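Engineer: Pasting a structure here, questions to come.
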Amino acid sequence: MGKIFCLLGKSGSGKDTIFKKLMEEKVLNLKPIILYTTRPKREKERNGVEYYFINKEELDKYKSLGKIIEIREYNTVNGQWYYSTIDDGQINIKINSYLIITTLEAYKNLQKYFGRDEVFPIYITLDDGIRLERALKREMNEEEPNYNELCRRFLADHSDFSMEKLKDAGIEKLYYNYEIDECINDIKKDILQEAKGQYNY
């Protein structure tokens with residue numbers, strides 16, 4: 001039986017980089033779970049790689065077919081955006097283990113859908129000032145930077161990932177991303193231990 005490993009963390013904490021590096025670790029043998037979103041594709045993003053980019057009508061069709069595992073709605077400065085994990089055949093935990101970048105609420109919904117013991121949290125944390133600096137640099141590289149949305153996400157993260165909510169979700173261990181190689185090694189060790197059933201969380 002495989003596991004679903006959930007990368008969680010505030011914007012700019014390094015989740016995307018850590019995701020890519022963990023996926024390159026052949027010893028972990030992780031498969032990606034690609035989410036669906038109705039938000040516009042960013043520069044350099046590829047459909048079917050970072051996300052499946054769909055419209056609201058396509059999302060509603062998946063709803064009508066009962067294919068929604070979890071869904072989130074965000075009222076952004078650019079309108080309503082949806083993110084969703086969809087039962088499209090890409091997940092089979094009887095055979096594979098998976099890695100997904102997701103939110104705290106989605107993590108809890110994945111636990112409900114697949115079972116608490118099958119879904120493992122990896123919460124990445126970093127100083128707020130460093131996160132904001134990284135997020136700003138990333139946004140500046142966009143063809144049309146959206147600083148209002150960057151600020152909205154930054155402020156929302158403070159509430160969405162409060163220590164109280166992390167504790168309520170049963171997340172106690174934090175992975176500090178000040179030295180990425182150390183952070184990766186810590187995560188890698190715990191994934192291997194969890195896969196062997198040796199990790200006492």
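As shown in the structure tokens, the chain order sets the letters A, B, ...; within each chain, residues go from 1, and ligands are also counted from 1 in the order they appear.
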Give the strand (DSSP E) residues of segment 10-179 of chain A, as DSSP finds them on the backbone, and put them as a PyMOL selection string.

Structural biologist: chain A and resi 30-32+36-37+52-53+68-76+79-86+97-101+119-125+174-176

Engineer: May I have the selected residues written with C-alpha atoms, as an mmCIF file, in the first residue's frame?

Structural biologist:
```
data_model
loop_
_atom_site.group_PDB
_atom_site.id
_atom_site.type_symbol
_atom_site.label_atom_id
_atom_site.label_comp_id
_atom_site.auth_asym_id
_atom_site.auth_seq_id
_atom_site.Cartn_x
_atom_site.Cartn_y
_atom_site.Cartn_z
ATOM 1 C CA LEU A 30 7.075 9.142 -5.866
ATOM 2 C CA LYS A 31 4.430 9.954 -8.457
ATOM 3 C CA PRO A 32 2.993 13.464 -8.791
ATOM 4 C CA TYR A 36 -6.872 21.214 -11.547
ATOM 5 C CA THR A 37 -7.364 24.976 -11.413
ATOM 6 C CA TYR A 52 -4.419 21.114 -15.425
ATOM 7 C CA PHE A 53 -5.854 24.475 -16.426
ATOM 8 C CA ILE A 68 -14.251 15.724 -7.029
ATOM 9 C CA ILE A 69 -11.983 14.509 -4.198
ATOM 10 C CA GLU A 70 -11.574 17.991 -2.724
ATOM 11 C CA ILE A 71 -12.136 21.511 -3.967
ATOM 12 C CA ARG A 72 -11.175 25.000 -2.787
ATOM 13 C CA GLU A 73 -12.570 28.373 -3.794
ATOM 14 C CA TYR A 74 -10.642 31.623 -3.500
ATOM 15 C CA ASN A 75 -12.066 35.118 -3.870
ATOM 16 C CA THR A 76 -9.032 36.826 -5.371
ATOM 17 C CA GLY A 79 -12.275 37.031 -9.311
ATOM 18 C CA GLN A 80 -13.086 33.520 -8.105
ATOM 19 C CA TRP A 81 -10.439 30.846 -8.639
ATOM 20 C CA TYR A 82 -10.935 27.152 -7.947
ATOM 21 C CA TYR A 83 -8.371 24.475 -7.180
ATOM 22 C CA SER A 84 -9.375 20.822 -7.047
ATOM 23 C CA THR A 85 -8.042 17.282 -6.734
ATOM 24 C CA ILE A 86 -10.034 15.151 -9.129
ATOM 25 C CA SER A 97 3.105 6.546 -3.369
ATOM 26 C CA TYR A 98 2.410 10.142 -4.355
ATOM 27 C CA LEU A 99 3.578 13.677 -3.698
ATOM 28 C CA ILE A 100 1.243 16.678 -3.860
ATOM 29 C CA ILE A 101 1.455 20.375 -2.999
ATOM 30 C CA VAL A 119 -1.972 10.698 4.001
ATOM 31 C CA PHE A 120 1.231 12.147 5.506
ATOM 32 C CA PRO A 121 1.904 15.892 6.108
ATOM 33 C CA ILE A 122 5.163 17.649 5.227
ATOM 34 C CA TYR A 123 4.837 21.234 6.464
ATOM 35 C CA ILE A 124 7.526 23.597 5.144
ATOM 36 C CA THR A 125 8.222 26.743 7.127
ATOM 37 C CA LEU A 174 7.856 21.426 10.907
ATOM 38 C CA TYR A 175 10.506 21.246 8.196
ATOM 39 C CA TYR A 176 12.628 24.422 8.214
#
```

Engineer: With a distance cut-off of 12 Å and only C-alpha atoms, select the neighbouring residues of segment 127-143 of chain A, excluding the residue or stretch itself and same-chain residues fewer than 6 positions from it, and output the selection as a PDB file with N, CA, C and O atoms, in the first residue's frame.

Structural biologist:
```
ATOM      1  N   GLY A   9       2.568  24.570   3.173  1.00  0.00           N
ATOM      2  CA  GLY A   9       3.358  25.706   3.617  1.00  0.00           C
ATOM      3  C   GLY A   9       2.843  26.994   3.025  1.00  0.00           C
ATOM      4  O   GLY A   9       2.091  27.004   2.058  1.00  0.00           O
ATOM      5  N   LYS A  10       3.275  28.087   3.606  1.00  0.00           N
ATOM      6  CA  LYS A  10       2.869  29.407   3.140  1.00  0.00           C
ATOM      7  C   LYS A  10       3.536  29.734   1.810  1.00  0.00           C
ATOM      8  O   LYS A  10       4.519  29.105   1.423  1.00  0.00           O
ATOM      9  N   SER A  11       3.006  30.723   1.118  1.00  0.00           N
ATOM     10  CA  SER A  11       3.581  31.169  -0.155  1.00  0.00           C
ATOM     11  C   SER A  11       5.033  31.587   0.038  1.00  0.00           C
ATOM     12  O   SER A  11       5.361  32.276   1.012  1.00  0.00           O
ATOM     13  N   GLY A  12       5.901  31.159  -0.868  1.00  0.00           N
ATOM     14  CA  GLY A  12       7.301  31.542  -0.796  1.00  0.00           C
ATOM     15  C   GLY A  12       8.141  30.710   0.146  1.00  0.00           C
ATOM     16  O   GLY A  12       9.311  31.019   0.374  1.00  0.00           O
ATOM     17  N   SER A  13       7.580  29.629   0.696  1.00  0.00           N
ATOM     18  CA  SER A  13       8.338  28.793   1.629  1.00  0.00           C
ATOM     19  C   SER A  13       9.245  27.798   0.909  1.00  0.00           C
ATOM     20  O   SER A  13      10.062  27.134   1.545  1.00  0.00           O
ATOM     21  N   GLY A  14       9.090  27.690  -0.406  1.00  0.00           N
ATOM     22  CA  GLY A  14       9.962  26.807  -1.174  1.00  0.00           C
ATOM     23  C   GLY A  14       9.336  25.488  -1.577  1.00  0.00           C
ATOM     24  O   GLY A  14      10.043  24.558  -1.972  1.00  0.00           O
ATOM     25  N   LYS A  15       8.024  25.395  -1.505  1.00  0.00           N
ATOM     26  CA  LYS A  15       7.343  24.120  -1.802  1.00  0.00           C
ATOM     27  C   LYS A  15       7.618  23.633  -3.225  1.00  0.00           C
ATOM     28  O   LYS A  15       7.851  22.442  -3.434  1.00  0.00           O
ATOM     29  N   ASP A  16       7.566  24.536  -4.201  1.00  0.00           N
ATOM     30  CA  ASP A  16       7.753  24.125  -5.594  1.00  0.00           C
ATOM     31  C   ASP A  16       9.147  23.538  -5.820  1.00  0.00           C
ATOM     32  O   ASP A  16       9.299  22.499  -6.475  1.00  0.00           O
ATOM     33  N   LYS A  41      -3.093  30.616 -16.355  1.00  0.00           N
ATOM     34  CA  LYS A  41      -1.761  30.011 -16.375  1.00  0.00           C
ATOM     35  C   LYS A  41      -0.711  31.106 -16.288  1.00  0.00           C
ATOM     36  O   LYS A  41      -0.770  32.091 -16.999  1.00  0.00           O
ATOM     37  N   ARG A  42       0.266  30.912 -15.399  1.00  0.00           N
ATOM     38  CA  ARG A  42       1.369  31.852 -15.287  1.00  0.00           C
ATOM     39  C   ARG A  42       2.405  31.595 -16.375  1.00  0.00           C
ATOM     40  O   ARG A  42       2.452  30.516 -16.966  1.00  0.00           O
ATOM     41  N   GLU A  43       3.222  32.605 -16.583  1.00  0.00           N
ATOM     42  CA  GLU A  43       4.299  32.466 -17.555  1.00  0.00           C
ATOM     43  C   GLU A  43       5.197  31.295 -17.152  1.00  0.00           C
ATOM     44  O   GLU A  43       5.519  31.108 -15.984  1.00  0.00           O
ATOM     45  N   LYS A  44       5.549  30.467 -18.123  1.00  0.00           N
ATOM     46  CA  LYS A  44       6.418  29.290 -17.974  1.00  0.00           C
ATOM     47  C   LYS A  44       5.701  28.077 -17.396  1.00  0.00           C
ATOM     48  O   LYS A  44       6.283  26.983 -17.353  1.00  0.00           O
ATOM     49  N   GLU A  45       4.476  28.226 -16.916  1.00  0.00           N
ATOM     50  CA  GLU A  45       3.718  27.053 -16.479  1.00  0.00           C
ATOM     51  C   GLU A  45       3.225  26.281 -17.695  1.00  0.00           C
ATOM     52  O   GLU A  45       2.919  26.853 -18.736  1.00  0.00           O
ATOM     53  N   GLU A 149      -2.569  40.440  -5.685  1.00  0.00           N
ATOM     54  CA  GLU A 149      -2.834  39.040  -5.359  1.00  0.00           C
ATOM     55  C   GLU A 149      -1.727  38.475  -4.481  1.00  0.00           C
ATOM     56  O   GLU A 149      -1.983  37.685  -3.572  1.00  0.00           O
ATOM     57  N   LEU A 150      -0.497  38.882  -4.717  1.00  0.00           N
ATOM     58  CA  LEU A 150       0.615  38.453  -3.870  1.00  0.00           C
ATOM     59  C   LEU A 150       0.358  38.857  -2.418  1.00  0.00           C
ATOM     60  O   LEU A 150       0.516  38.044  -1.499  1.00  0.00           O
ATOM     61  N   CYS A 151      -0.059  40.099  -2.213  1.00  0.00           N
ATOM     62  CA  CYS A 151      -0.335  40.585  -0.857  1.00  0.00           C
ATOM     63  C   CYS A 151      -1.515  39.854  -0.233  1.00  0.00           C
ATOM     64  O   CYS A 151      -1.508  39.541   0.962  1.00  0.00           O
ATOM     65  N   ARG A 152      -2.546  39.577  -1.046  1.00  0.00           N
ATOM     66  CA  ARG A 152      -3.709  38.857  -0.526  1.00  0.00           C
ATOM     67  C   ARG A 152      -3.301  37.475  -0.028  1.00  0.00           C
ATOM     68  O   ARG A 152      -3.693  37.060   1.070  1.00  0.00           O
ATOM     69  N   ARG A 153      -2.485  36.773  -0.837  1.00  0.00           N
ATOM     70  CA  ARG A 153      -2.047  35.434  -0.451  1.00  0.00           C
ATOM     71  C   ARG A 153      -1.198  35.475   0.813  1.00  0.00           C
ATOM     72  O   ARG A 153      -1.328  34.625   1.693  1.00  0.00           O
ATOM     73  N   PHE A 154      -0.302  36.448   0.877  1.00  0.00           N
ATOM     74  CA  PHE A 154       0.595  36.560   2.023  1.00  0.00           C
ATOM     75  C   PHE A 154      -0.191  36.746   3.319  1.00  0.00           C
ATOM     76  O   PHE A 154       0.086  36.092   4.330  1.00  0.00           O
ATOM     77  N   LEU A 155      -1.183  37.626   3.290  1.00  0.00           N
ATOM     78  CA  LEU A 155      -1.995  37.884   4.477  1.00  0.00           C
ATOM     79  C   LEU A 155      -2.899  36.698   4.811  1.00  0.00           C
ATOM     80  O   LEU A 155      -3.088  36.357   5.986  1.00  0.00           O
ATOM     81  N   ASP A 157      -2.293  33.579   4.228  1.00  0.00           N
ATOM     82  CA  ASP A 157      -1.473  32.487   4.773  1.00  0.00           C
ATOM     83  C   ASP A 157      -1.320  32.588   6.282  1.00  0.00           C
ATOM     84  O   ASP A 157      -1.235  31.564   6.978  1.00  0.00           O
ATOM     85  N   HIS A 158      -1.254  33.810   6.788  1.00  0.00           N
ATOM     86  CA  HIS A 158      -1.076  34.007   8.229  1.00  0.00           C
ATOM     87  C   HIS A 158      -2.202  33.337   9.004  1.00  0.00           C
ATOM     88  O   HIS A 158      -1.975  32.747  10.071  1.00  0.00           O
ATOM     89  N   TYR A 176      12.124  23.064   8.394  1.00  0.00           N
ATOM     90  CA  TYR A 176      12.628  24.422   8.214  1.00  0.00           C
ATOM     91  C   TYR A 176      13.484  24.512   6.949  1.00  0.00           C
ATOM     92  O   TYR A 176      14.475  23.796   6.818  1.00  0.00           O
ATOM     93  N   ASN A 177      13.111  25.402   6.044  1.00  0.00           N
ATOM     94  CA  ASN A 177      13.771  25.507   4.744  1.00  0.00           C
ATOM     95  C   ASN A 177      14.761  26.675   4.703  1.00  0.00           C
ATOM     96  O   ASN A 177      14.696  27.540   3.836  1.00  0.00           O
ATOM     97  N   TYR A 178      15.702  26.699   5.652  1.00  0.00           N
ATOM     98  CA  TYR A 178      16.748  27.711   5.616  1.00  0.00           C
ATOM     99  C   TYR A 178      17.940  27.205   4.798  1.00  0.00           C
ATOM    100  O   TYR A 178      18.571  27.970   4.078  1.00  0.00           O
TER     101      TYR A 178
END
```

Engineer: I'd like to know which of A:Ile34, A:Val49, A:Met1, A:Met163 is closest to Asp117 of chain A, using only C-alpha atoms.

Structural biologist: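 Going through A:Ile34, A:Val49, A:Met1, A:Met163 one by one, the smallest distance to Asp117 of chain A is for A:Met1.
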